[in-house]
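Colleague: Contents are mmCIF, C-alpha atoms; file name start18.cif:
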data_structure
loop_
_atom_site.group_PDB
_atom_site.id
_atom_site.type_symbol
_atom_site.label_atom_id
_atom_site.label_comp_id
_atom_site.auth_asym_id
_atom_site.auth_seq_id
_atom_site.Cartn_x
_atom_site.Cartn_y
_atom_site.Cartn_z
ATOM 1 C CA MET A 1 139.670 255.304 115.866
ATOM 2 C CA SER A 2 141.503 257.253 118.562
ATOM 3 C CA THR A 3 144.072 255.439 120.713
ATOM 4 C CA ASN A 4 144.705 258.376 123.022
ATOM 5 C CA ASN A 5 141.707 257.799 125.273
ATOM 6 C CA VAL A 6 141.697 254.772 127.552
ATOM 7 C CA HIS A 7 138.216 253.816 128.749
ATOM 8 C CA THR A 8 138.248 252.309 132.238
ATOM 9 C CA ASP A 9 135.289 251.227 134.277
ATOM 10 C CA PRO A 10 135.033 253.760 137.154
ATOM 11 C CA THR A 11 133.301 251.117 139.259
ATOM 12 C CA ALA A 12 136.274 248.743 138.909
ATOM 13 C CA ILE A 13 138.684 251.491 139.917
ATOM 14 C CA GLY A 14 136.608 252.260 142.953
ATOM 15 C CA ALA A 15 136.531 248.596 143.958
ATOM 16 C CA MET A 16 140.329 248.339 143.741
ATOM 17 C CA GLU A 17 140.778 251.514 145.784
ATOM 18 C CA GLU A 18 138.411 250.148 148.395
ATOM 19 C CA ALA A 19 140.301 246.850 148.610
ATOM 20 C CA ALA A 20 143.685 248.588 148.838
ATOM 21 C CA SER A 21 142.473 250.804 151.668
ATOM 22 C CA HIS A 22 141.886 247.718 153.837
ATOM 23 C CA GLU A 23 145.387 246.299 153.295
ATOM 24 C CA HIS A 24 147.779 247.213 156.052
ATOM 25 C CA LEU A 25 151.204 245.542 155.787
ATOM 26 C CA LYS A 26 153.014 245.477 159.083
ATOM 27 C CA VAL A 27 156.766 245.851 158.913
ATOM 28 C CA GLN A 28 159.279 244.354 161.326
ATOM 29 C CA PRO A 29 162.194 246.373 162.756
ATOM 30 C CA ASP A 30 164.554 244.932 160.132
ATOM 31 C CA GLY A 31 162.331 246.229 157.336
ATOM 32 C CA SER A 32 160.775 242.895 156.344
ATOM 33 C CA VAL A 33 157.052 242.209 156.238
ATOM 34 C CA VAL A 34 155.539 240.554 159.293
ATOM 35 C CA GLY A 35 155.408 236.790 158.731
ATOM 36 C CA TYR A 36 158.519 236.652 156.556
ATOM 37 C CA LYS A 37 161.462 234.730 157.958
ATOM 38 C CA ALA A 38 164.697 234.383 156.039
ATOM 39 C CA SER A 39 165.389 231.087 157.835
ATOM 40 C CA ARG A 40 162.460 229.531 155.974
ATOM 41 C CA THR A 41 163.963 230.191 152.562
ATOM 42 C CA LEU A 42 166.168 227.749 150.626
ATOM 43 C CA ARG A 43 166.133 224.943 153.180
ATOM 44 C CA ILE A 44 169.147 222.603 153.125
ATOM 45 C CA ARG A 45 167.045 219.472 152.572
ATOM 46 C CA VAL A 46 165.298 221.082 149.606
ATOM 47 C CA GLU A 47 168.549 222.215 147.986
ATOM 48 C CA LEU A 48 170.205 218.860 148.753
ATOM 49 C CA ALA A 49 167.361 216.914 147.153
ATOM 50 C CA ARG A 50 167.521 219.212 144.143
ATOM 51 C CA GLN A 51 171.252 218.676 143.725
ATOM 52 C CA LEU A 52 170.952 214.903 144.123
ATOM 53 C CA ARG A 53 168.456 214.819 141.260
ATOM 54 C CA ARG A 54 170.940 216.470 138.916
ATOM 55 C CA ARG A 55 172.592 214.198 136.376
ATOM 56 C CA ARG A 56 176.108 215.512 137.060
ATOM 57 C CA THR A 57 175.810 214.575 140.755
ATOM 58 C CA GLN A 58 174.632 211.078 139.923
ATOM 59 C CA LEU A 59 177.408 210.591 137.355
ATOM 60 C CA MET A 60 180.138 211.696 139.752
ATOM 61 C CA LEU A 61 178.919 209.469 142.574
ATOM 62 C CA GLY A 62 178.596 206.605 140.105
ATOM 63 C CA LEU A 63 182.177 207.194 138.951
ATOM 64 C CA LEU A 64 183.442 206.902 142.530
ATOM 65 C CA VAL A 65 181.604 203.593 142.929
ATOM 66 C CA LEU A 66 182.943 202.314 139.610
ATOM 67 C CA LEU A 67 186.589 203.316 140.165
ATOM 68 C CA PRO A 68 187.477 200.510 142.651
ATOM 69 C CA VAL A 69 185.970 197.951 140.279
ATOM 70 C CA VAL A 70 188.107 199.280 137.429
ATOM 71 C CA LEU A 71 191.218 199.088 139.620
ATOM 72 C CA VAL A 72 190.511 195.474 140.566
ATOM 73 C CA ILE A 73 190.053 194.547 136.913
ATOM 74 C CA ALA A 74 193.318 196.309 136.051
ATOM 75 C CA PHE A 75 195.192 194.352 138.725
ATOM 76 C CA GLN A 76 193.593 191.101 137.588
ATOM 77 C CA ILE A 77 194.687 191.714 134.001
ATOM 78 C CA GLY A 78 198.175 192.844 134.965
ATOM 79 C CA GLN A 79 200.793 191.151 137.098
ATOM 80 C CA SER A 80 200.432 191.641 140.834
ATOM 81 C CA ASN A 81 201.890 189.839 143.838
ATOM 82 C CA PRO A 82 199.507 189.784 146.830
ATOM 83 C CA ASN A 83 202.291 188.524 149.127
ATOM 84 C CA ARG A 84 204.564 191.542 148.763
ATOM 85 C CA ARG A 85 205.582 193.176 152.031
ATOM 86 C CA GLN A 86 207.751 196.005 150.693
ATOM 87 C CA GLY A 87 207.762 198.648 147.985
ATOM 88 C CA THR A 88 205.636 201.709 147.310
ATOM 89 C CA PHE A 89 201.922 201.977 148.042
ATOM 90 C CA VAL A 90 201.367 201.079 144.383
ATOM 91 C CA ASP A 91 203.388 197.880 144.783
ATOM 92 C CA LEU A 92 201.508 197.019 147.974
ATOM 93 C CA ALA A 93 198.038 197.792 146.587
ATOM 94 C CA VAL A 94 196.866 194.158 146.526
ATOM 95 C CA ALA A 95 198.494 193.116 149.813
ATOM 96 C CA SER A 96 195.220 193.634 151.716
ATOM 97 C CA ALA A 97 191.948 195.521 151.672
ATOM 98 C CA PRO A 98 193.376 198.534 153.587
ATOM 99 C CA ASN A 99 196.280 198.759 151.142
ATOM 100 C CA PHE A 100 193.848 198.657 148.240
ATOM 101 C CA VAL A 101 191.940 201.603 149.738
ATOM 102 C CA VAL A 102 195.158 203.546 150.266
ATOM 103 C CA PHE A 103 196.061 202.987 146.618
ATOM 104 C CA ALA A 104 192.594 204.150 145.498
ATOM 105 C CA LEU A 105 193.014 207.349 147.520
ATOM 106 C CA PHE A 106 196.473 207.894 146.037
ATOM 107 C CA VAL A 107 195.424 207.569 142.408
ATOM 108 C CA SER A 108 192.354 209.765 142.893
ATOM 109 C CA GLY A 109 193.915 212.369 145.176
ATOM 110 C CA THR A 110 195.893 214.130 142.477
ATOM 111 C CA PHE A 111 193.075 215.009 140.108
ATOM 112 C CA LEU A 112 189.747 213.215 140.655
ATOM 113 C CA LEU A 113 188.926 214.248 144.222
ATOM 114 C CA PRO A 114 189.915 217.923 143.754
ATOM 115 C CA MET A 115 187.890 217.977 140.535
ATOM 116 C CA ILE A 116 184.778 216.611 142.269
ATOM 117 C CA VAL A 117 185.004 219.199 145.049
ATOM 118 C CA ALA A 118 185.587 221.902 142.420
ATOM 119 C CA ILE A 119 182.490 220.793 140.507
ATOM 120 C CA PHE A 120 180.218 220.825 143.547
ATOM 121 C CA PHE A 121 181.371 224.278 144.679
ATOM 122 C CA GLY A 122 182.192 225.867 141.341
ATOM 123 C CA ASP A 123 178.869 224.964 139.787
ATOM 124 C CA THR A 124 176.650 225.973 142.699
ATOM 125 C CA ILE A 125 176.195 229.733 142.082
ATOM 126 C CA ALA A 126 177.420 229.989 138.496
ATOM 127 C CA SER A 127 174.863 227.441 137.303
ATOM 128 C CA GLU A 128 172.007 229.515 138.734
ATOM 129 C CA ALA A 129 173.392 232.549 136.906
ATOM 130 C CA SER A 130 173.739 230.607 133.653
ATOM 131 C CA TRP A 131 170.108 229.473 133.944
ATOM 132 C CA SER A 132 169.051 233.106 134.664
ATOM 133 C CA SER A 133 167.421 231.917 137.894
ATOM 134 C CA LEU A 134 169.769 233.600 140.369
ATOM 135 C CA LYS A 135 167.955 236.941 140.259
ATOM 136 C CA TYR A 136 164.642 235.189 140.908
ATOM 137 C CA LEU A 137 166.045 233.404 143.961
ATOM 138 C CA LEU A 138 167.174 236.751 145.360
ATOM 139 C CA ALA A 139 163.800 238.312 144.537
ATOM 140 C CA MET A 140 161.843 235.655 146.482
ATOM 141 C CA PRO A 141 163.478 237.191 148.615
ATOM 142 C CA ILE A 142 166.418 235.097 149.818
ATOM 143 C CA PRO A 143 169.131 237.204 151.518
ATOM 144 C CA ARG A 144 172.427 237.007 149.693
ATOM 145 C CA HIS A 145 174.414 235.868 152.698
ATOM 146 C CA ARG A 146 171.925 233.062 153.304
ATOM 147 C CA LEU A 147 171.890 231.980 149.673
ATOM 148 C CA ILE A 148 175.665 231.630 149.463
ATOM 149 C CA ALA A 149 175.798 229.937 152.887
ATOM 150 C CA GLN A 150 173.089 227.382 152.023
ATOM 151 C CA LYS A 151 174.685 226.671 148.659
ATOM 152 C CA ALA A 152 178.101 226.199 150.280
ATOM 153 C CA ILE A 153 176.733 223.926 153.026
ATOM 154 C CA THR A 154 174.937 221.760 150.470
ATOM 155 C CA SER A 155 178.070 221.521 148.338
ATOM 156 C CA GLY A 156 180.084 220.642 151.437
ATOM 157 C CA ILE A 157 177.706 217.822 152.362
ATOM 158 C CA LEU A 158 177.864 216.385 148.856
ATOM 159 C CA SER A 159 181.657 216.692 148.738
ATOM 160 C CA LEU A 160 182.107 214.983 152.111
ATOM 161 C CA PHE A 161 179.735 212.204 151.072
ATOM 162 C CA ALA A 162 181.720 211.705 147.867
ATOM 163 C CA LEU A 163 185.023 211.628 149.769
ATOM 164 C CA LEU A 164 183.654 208.996 152.171
ATOM 165 C CA LEU A 165 182.022 206.987 149.402
ATOM 166 C CA LEU A 166 185.286 206.145 147.616
ATOM 167 C CA PRO A 167 187.139 204.537 150.572
ATOM 168 C CA SER A 168 183.962 202.797 151.752
ATOM 169 C CA VAL A 169 183.332 201.117 148.394
ATOM 170 C CA SER A 170 187.036 200.419 147.959
ATOM 171 C CA LEU A 171 187.203 198.784 151.390
ATOM 172 C CA LEU A 172 184.224 196.548 150.636
ATOM 173 C CA ILE A 173 185.635 195.445 147.287
ATOM 174 C CA GLY A 174 189.105 195.081 148.787
ATOM 175 C CA VAL A 175 187.847 192.744 151.525
ATOM 176 C CA ILE A 176 186.091 190.611 148.911
ATOM 177 C CA TRP A 177 189.118 190.355 146.595
ATOM 178 C CA TYR A 178 192.162 190.693 148.842
ATOM 179 C CA GLY A 179 190.940 189.839 152.330
ATOM 180 C CA ALA A 180 190.940 191.681 155.644
ATOM 181 C CA GLY A 181 194.687 191.597 156.189
ATOM 182 C CA GLU A 182 197.135 193.995 157.765
ATOM 183 C CA ALA A 183 197.849 197.407 156.318
ATOM 184 C CA VAL A 184 201.499 197.471 155.223
ATOM 185 C CA SER A 185 203.386 200.722 154.698
ATOM 186 C CA PRO A 186 206.380 201.246 152.368
ATOM 187 C CA THR A 187 208.601 201.474 155.451
ATOM 188 C CA GLY A 188 207.686 197.913 156.408
ATOM 189 C CA ASP A 189 205.346 198.829 159.276
ATOM 190 C CA ALA A 190 202.249 196.684 159.542
ATOM 191 C CA VAL A 191 199.102 197.590 161.469
ATOM 192 C CA SER A 192 196.060 195.454 162.149
ATOM 193 C CA PHE A 193 192.998 195.524 159.933
ATOM 194 C CA GLY A 194 191.011 197.490 162.521
ATOM 195 C CA ASP A 195 193.747 200.082 162.984
ATOM 196 C CA GLY A 196 194.170 200.238 159.223
ATOM 197 C CA VAL A 197 190.471 201.023 158.712
ATOM 198 C CA THR A 198 190.637 203.698 161.410
ATOM 199 C CA ALA A 199 193.681 205.216 159.708
ATOM 200 C CA ILE A 200 191.885 205.186 156.336
ATOM 201 C CA TYR A 201 188.913 207.178 157.589
ATOM 202 C CA ALA A 202 191.195 209.525 159.520
ATOM 203 C CA ALA A 203 193.042 210.046 156.226
ATOM 204 C CA THR A 204 189.737 210.762 154.500
ATOM 205 C CA ILE A 205 188.906 213.444 157.058
ATOM 206 C CA TYR A 206 192.341 214.972 156.508
ATOM 207 C CA ILE A 207 191.787 214.937 152.731
ATOM 208 C CA ALA A 208 188.470 216.737 153.263
ATOM 209 C CA ILE A 209 190.204 219.410 155.351
ATOM 210 C CA ASN A 210 193.054 219.711 152.859
ATOM 211 C CA LEU A 211 190.576 220.270 150.013
ATOM 212 C CA LEU A 212 188.887 223.174 151.795
ATOM 213 C CA TRP A 213 191.020 225.571 149.779
ATOM 214 C CA VAL A 214 189.698 223.984 146.563
ATOM 215 C CA ALA A 215 186.123 224.443 147.788
ATOM 216 C CA ALA A 216 186.656 228.085 148.739
ATOM 217 C CA LEU A 217 188.464 228.958 145.509
ATOM 218 C CA ALA A 218 185.758 227.264 143.422
ATOM 219 C CA LEU A 219 183.071 229.162 145.339
ATOM 220 C CA PHE A 220 184.869 232.458 144.727
ATOM 221 C CA LEU A 221 185.131 231.756 141.005
ATOM 222 C CA SER A 222 181.499 230.599 140.990
ATOM 223 C CA VAL A 223 180.252 233.985 142.241
ATOM 224 C CA SER A 224 182.626 235.777 139.857
ATOM 225 C CA THR A 225 181.359 234.284 136.602
ATOM 226 C CA ASP A 226 178.159 233.122 134.923
ATOM 227 C CA ALA A 227 179.970 230.143 133.347
ATOM 228 C CA PRO A 228 180.095 227.038 135.593
ATOM 229 C CA LEU A 229 182.735 225.437 133.386
ATOM 230 C CA GLY A 230 184.968 228.478 133.858
ATOM 231 C CA ALA A 231 184.709 228.290 137.651
ATOM 232 C CA VAL A 232 185.376 224.548 137.758
ATOM 233 C CA GLY A 233 188.103 224.654 135.122
ATOM 234 C CA GLY A 234 189.844 227.603 136.760
ATOM 235 C CA THR A 235 189.956 225.811 140.116
ATOM 236 C CA VAL A 236 191.281 222.576 138.636
ATOM 237 C CA LEU A 237 193.885 224.529 136.657
ATOM 238 C CA VAL A 238 195.164 226.227 139.821
ATOM 239 C CA ALA A 239 195.410 222.837 141.541
ATOM 240 C CA ILE A 240 197.355 221.340 138.625
ATOM 241 C CA VAL A 241 199.756 224.296 138.426
ATOM 242 C CA SER A 242 200.345 224.060 142.172
ATOM 243 C CA GLN A 243 201.160 220.350 141.847
ATOM 244 C CA ILE A 244 203.575 221.058 139.001
ATOM 245 C CA LEU A 245 205.360 223.776 140.963
ATOM 246 C CA ASP A 246 205.575 221.445 143.945
ATOM 247 C CA GLN A 247 207.704 219.077 141.854
ATOM 248 C CA ILE A 248 210.302 221.769 141.124
ATOM 249 C CA THR A 249 212.948 221.150 143.764
ATOM 250 C CA ALA A 250 214.718 224.400 142.860
ATOM 251 C CA LEU A 251 211.959 226.258 144.688
ATOM 252 C CA GLU A 252 213.132 224.613 147.917
ATOM 253 C CA ASP A 253 211.200 225.878 150.973
ATOM 254 C CA LEU A 254 208.893 228.026 148.844
ATOM 255 C CA ARG A 255 207.025 224.820 147.988
ATOM 256 C CA ASN A 256 205.800 224.657 151.586
ATOM 257 C CA TYR A 257 203.489 227.581 150.819
ATOM 258 C CA LEU A 258 201.779 225.846 147.905
ATOM 259 C CA PRO A 259 198.230 224.671 148.725
ATOM 260 C CA THR A 260 198.908 221.167 147.371
ATOM 261 C CA HIS A 261 202.260 220.615 149.094
ATOM 262 C CA TYR A 262 200.774 218.616 151.982
ATOM 263 C CA ALA A 263 198.081 216.842 149.955
ATOM 264 C CA PHE A 264 199.457 213.362 150.705
ATOM 265 C CA ALA A 265 200.635 213.952 154.268
ATOM 266 C CA TRP A 266 197.893 211.543 155.366
ATOM 267 C CA SER A 267 200.117 208.609 154.281
ATOM 268 C CA ASP A 268 201.925 209.007 157.622
ATOM 269 C CA LEU A 269 198.841 207.523 159.271
ATOM 270 C CA ILE A 270 199.713 204.061 157.895
ATOM 271 C CA SER A 271 202.421 203.556 160.467
ATOM 272 C CA THR A 272 202.954 202.217 163.976
ATOM 273 C CA ASP A 273 204.534 205.541 164.963
ATOM 274 C CA ILE A 274 202.445 208.341 163.465
ATOM 275 C CA ASP A 275 204.091 211.675 162.681
ATOM 276 C CA TRP A 276 201.454 214.414 162.934
ATOM 277 C CA SER A 277 203.680 217.359 162.014
ATOM 278 C CA GLU A 278 203.112 217.291 158.238
ATOM 279 C CA MET A 279 199.359 216.845 158.613
ATOM 280 C CA THR A 280 199.168 219.703 161.115
ATOM 281 C CA ARG A 281 200.947 222.008 158.688
ATOM 282 C CA GLY A 282 198.761 220.809 155.828
ATOM 283 C CA ALA A 283 195.535 221.394 157.757
ATOM 284 C CA PHE A 284 196.654 224.861 158.853
ATOM 285 C CA SER A 285 197.673 225.798 155.311
ATOM 286 C CA ALA A 286 194.361 224.598 153.851
ATOM 287 C CA VAL A 287 192.292 226.465 156.453
ATOM 288 C CA CYS A 288 194.223 229.692 155.819
ATOM 289 C CA PHE A 289 193.740 229.470 152.051
ATOM 290 C CA ALA A 290 190.070 228.554 152.543
ATOM 291 C CA ALA A 291 189.478 231.507 154.866
ATOM 292 C CA PHE A 292 191.058 233.881 152.345
ATOM 293 C CA PHE A 293 189.139 232.649 149.298
ATOM 294 C CA GLY A 294 185.945 232.267 151.343
ATOM 295 C CA PHE A 295 186.167 235.896 152.455
ATOM 296 C CA LEU A 296 186.649 236.992 148.852
ATOM 297 C CA ALA A 297 183.659 234.899 147.742
ATOM 298 C CA VAL A 298 181.268 236.368 150.332
ATOM 299 C CA ARG A 299 182.532 239.908 149.732
ATOM 300 C CA LYS A 300 182.180 239.556 145.971
ATOM 301 C CA PHE A 301 178.703 238.034 146.085
ATOM 302 C CA THR A 302 177.211 240.482 148.579
ATOM 303 C CA ARG A 303 178.384 243.459 146.486
ATOM 304 C CA LYS A 304 177.880 242.057 142.995
ATOM 305 C CA ASP A 305 175.246 243.458 140.649
ATOM 306 C CA ILE A 306 173.113 240.444 139.794
ATOM 307 C CA THR A 307 171.748 240.666 136.267
ATOM 308 C CA SER A 308 171.145 237.006 135.419
#
Show me, as structure tokens, the structure contained in the file I just sent.
Modeller:
Amino acid sequence: MSTNNVHTDPTAIGAMEEAASHEHLKVQPDGSVVGYKASRTLRIRVELARQLRRRRTQLMLGLLVLLPVVLVIAFQIGQSNPNRRQGTFVDLAVASAPNFVVFALFVSGTFLLPMIVAIFFGDTIASEASWSSLKYLLAMPIPRHRLIAQKAITSGILSLFALLLLPSVSLLIGVIWYGAGEAVSPTGDAVSFGDGVTAIYAATIYIAINLLWVAALALFLSVSTDAPLGAVGGTVLVAIVSQILDQITALEDLRNYLPTHYAFAWSDLISTDIDWSEMTRGAFSAVCFAAFFGFLAVRKFTRKDITS
């Protein structure tokens, strides 16, 4: 039996040629087909709902809800004096609900909060590449600049929600266990409960701004690798190294240029006379680092050869 001759129904070929002759695709000035709009692809609400259904998102948000409970249990087991009016923020943690929130932000600000932001941003593009779905998203077609923008916006929303969730839950649990008292600073200043709550959420906004460099670096590493763990781990490693270098006093003024140097400048908000200088420097530093790494991320992604 010969395999060189392919027998095709001439009538079928004619029918296909007839159908093709009636198809006229109109093209817009930008080269896209009429009816296609890039703004309709990868909507924020769709991507947000997809990310919220992921187990890692649910576990991280659950961890932030559980952390204040664990801290309360730890204080109940250990020795704590709720009537203390001096000492460090750790010593004053159970003095009132605002102080409890400040302590929760302190213990989580070194590693937990940067890690969560790194996970949301570092996993966003790299996970699609690891699942071999990134090339299909681009073939839909979703423009590259839109894909990275929508992914970054979604990660930013989740990160901000996580950063607000911790102080909110901590405040609720703190009011139940320690009462709505004054916020006391290590310097002895005491502000009212209302002013303390305002200072806490202002501090949370500052933390979000200060962690912009973490988000941008994680996004850059996310578009540079197909391994989500590598992007997240690399970002966390940089943050840890920066914190270690910041403790080396021999570096003197060089420490001011480290991205983590002003991480806890928000503690100045728990005072009757707020000093904004450190927070201004910290916000400016974070924005500069974020702009640099963000530029690298967009440049890398728009020029990268996507094979996965």
Colleague: Could you state which residues are captured by the PyMOL selection byres ((chain A and resi 191-202) around 6) in this file, as an MDAnalysis selection string?
Modeller: chainID A and resid 98 181:183 190 203:205 269
Colleague: Considering only C-alpha atoms, return as a PyMOL selection string whatever protein or nucleic-acid residues lie within 10 Å of range 256-260 of chain A, sequence-local ones (same chain, fewer than 6 positions apart) excluded.
Modeller: chain A and resi 110+210-214+238-246+281-283+285-290
Colleague: Check the smallest atom-to-atom distance from each of A:Leu172, A:Leu138, A:Val184, A:Ile148 to Val90 in chain A using only C-alpha atoms, then report the winner.
Modeller: A:Val184
Colleague: May I ask which of the residues A:Leu52, A:Leu251, A:Ala95, A:Ala263 is the closest one to Met279 in chain A, counting all atoms listed in the file?
Modeller: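 Checking each of A:Leu52, A:Leu251, A:Ala95, A:Ala263 against Met279 in chain A, counting all atoms listed in the file, the winner is A:Ala263.
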Colleague: May I have the centre and edge lengths, in Å to one decimal, of an axis-aligned box around the listed atoms of range 43-49 of chain A with 3 Å added to every side, as lines of an AutoDock Vina configuration file?
Modeller:
center_x = 167.8
center_y = 220.9
center_z = 150.2
size_x = 10.9
size_y = 14.0
size_z = 12.0
Colleague: Under the rule of at most 6 Å, produce a per-residue listing of range 195-289 of chain A near range 113-132 of chain A: chain, number, name, the closest pair of atoms, and the distance in Å, as CSV, using all atoms listed in the file.
Modeller:
residue,atom,partner,partner_atom,distance
A:Ala215,CA,A:Phe121,CA,5.7
A:Ala218,CA,A:Gly122,CA,4.4
A:Leu219,CA,A:Phe121,CA,5.2
A:Ser222,CA,A:Gly122,CA,4.8
A:Val223,CA,A:Ile125,CA,5.9
A:Asp226,CA,A:Ala126,CA,4.8
A:Ala227,CA,A:Ala126,CA,5.7
A:Pro228,CA,A:Asp123,CA,4.8
A:Ala231,CA,A:Gly122,CA,5.1
A:Val232,CA,A:Gly122,CA,5.0
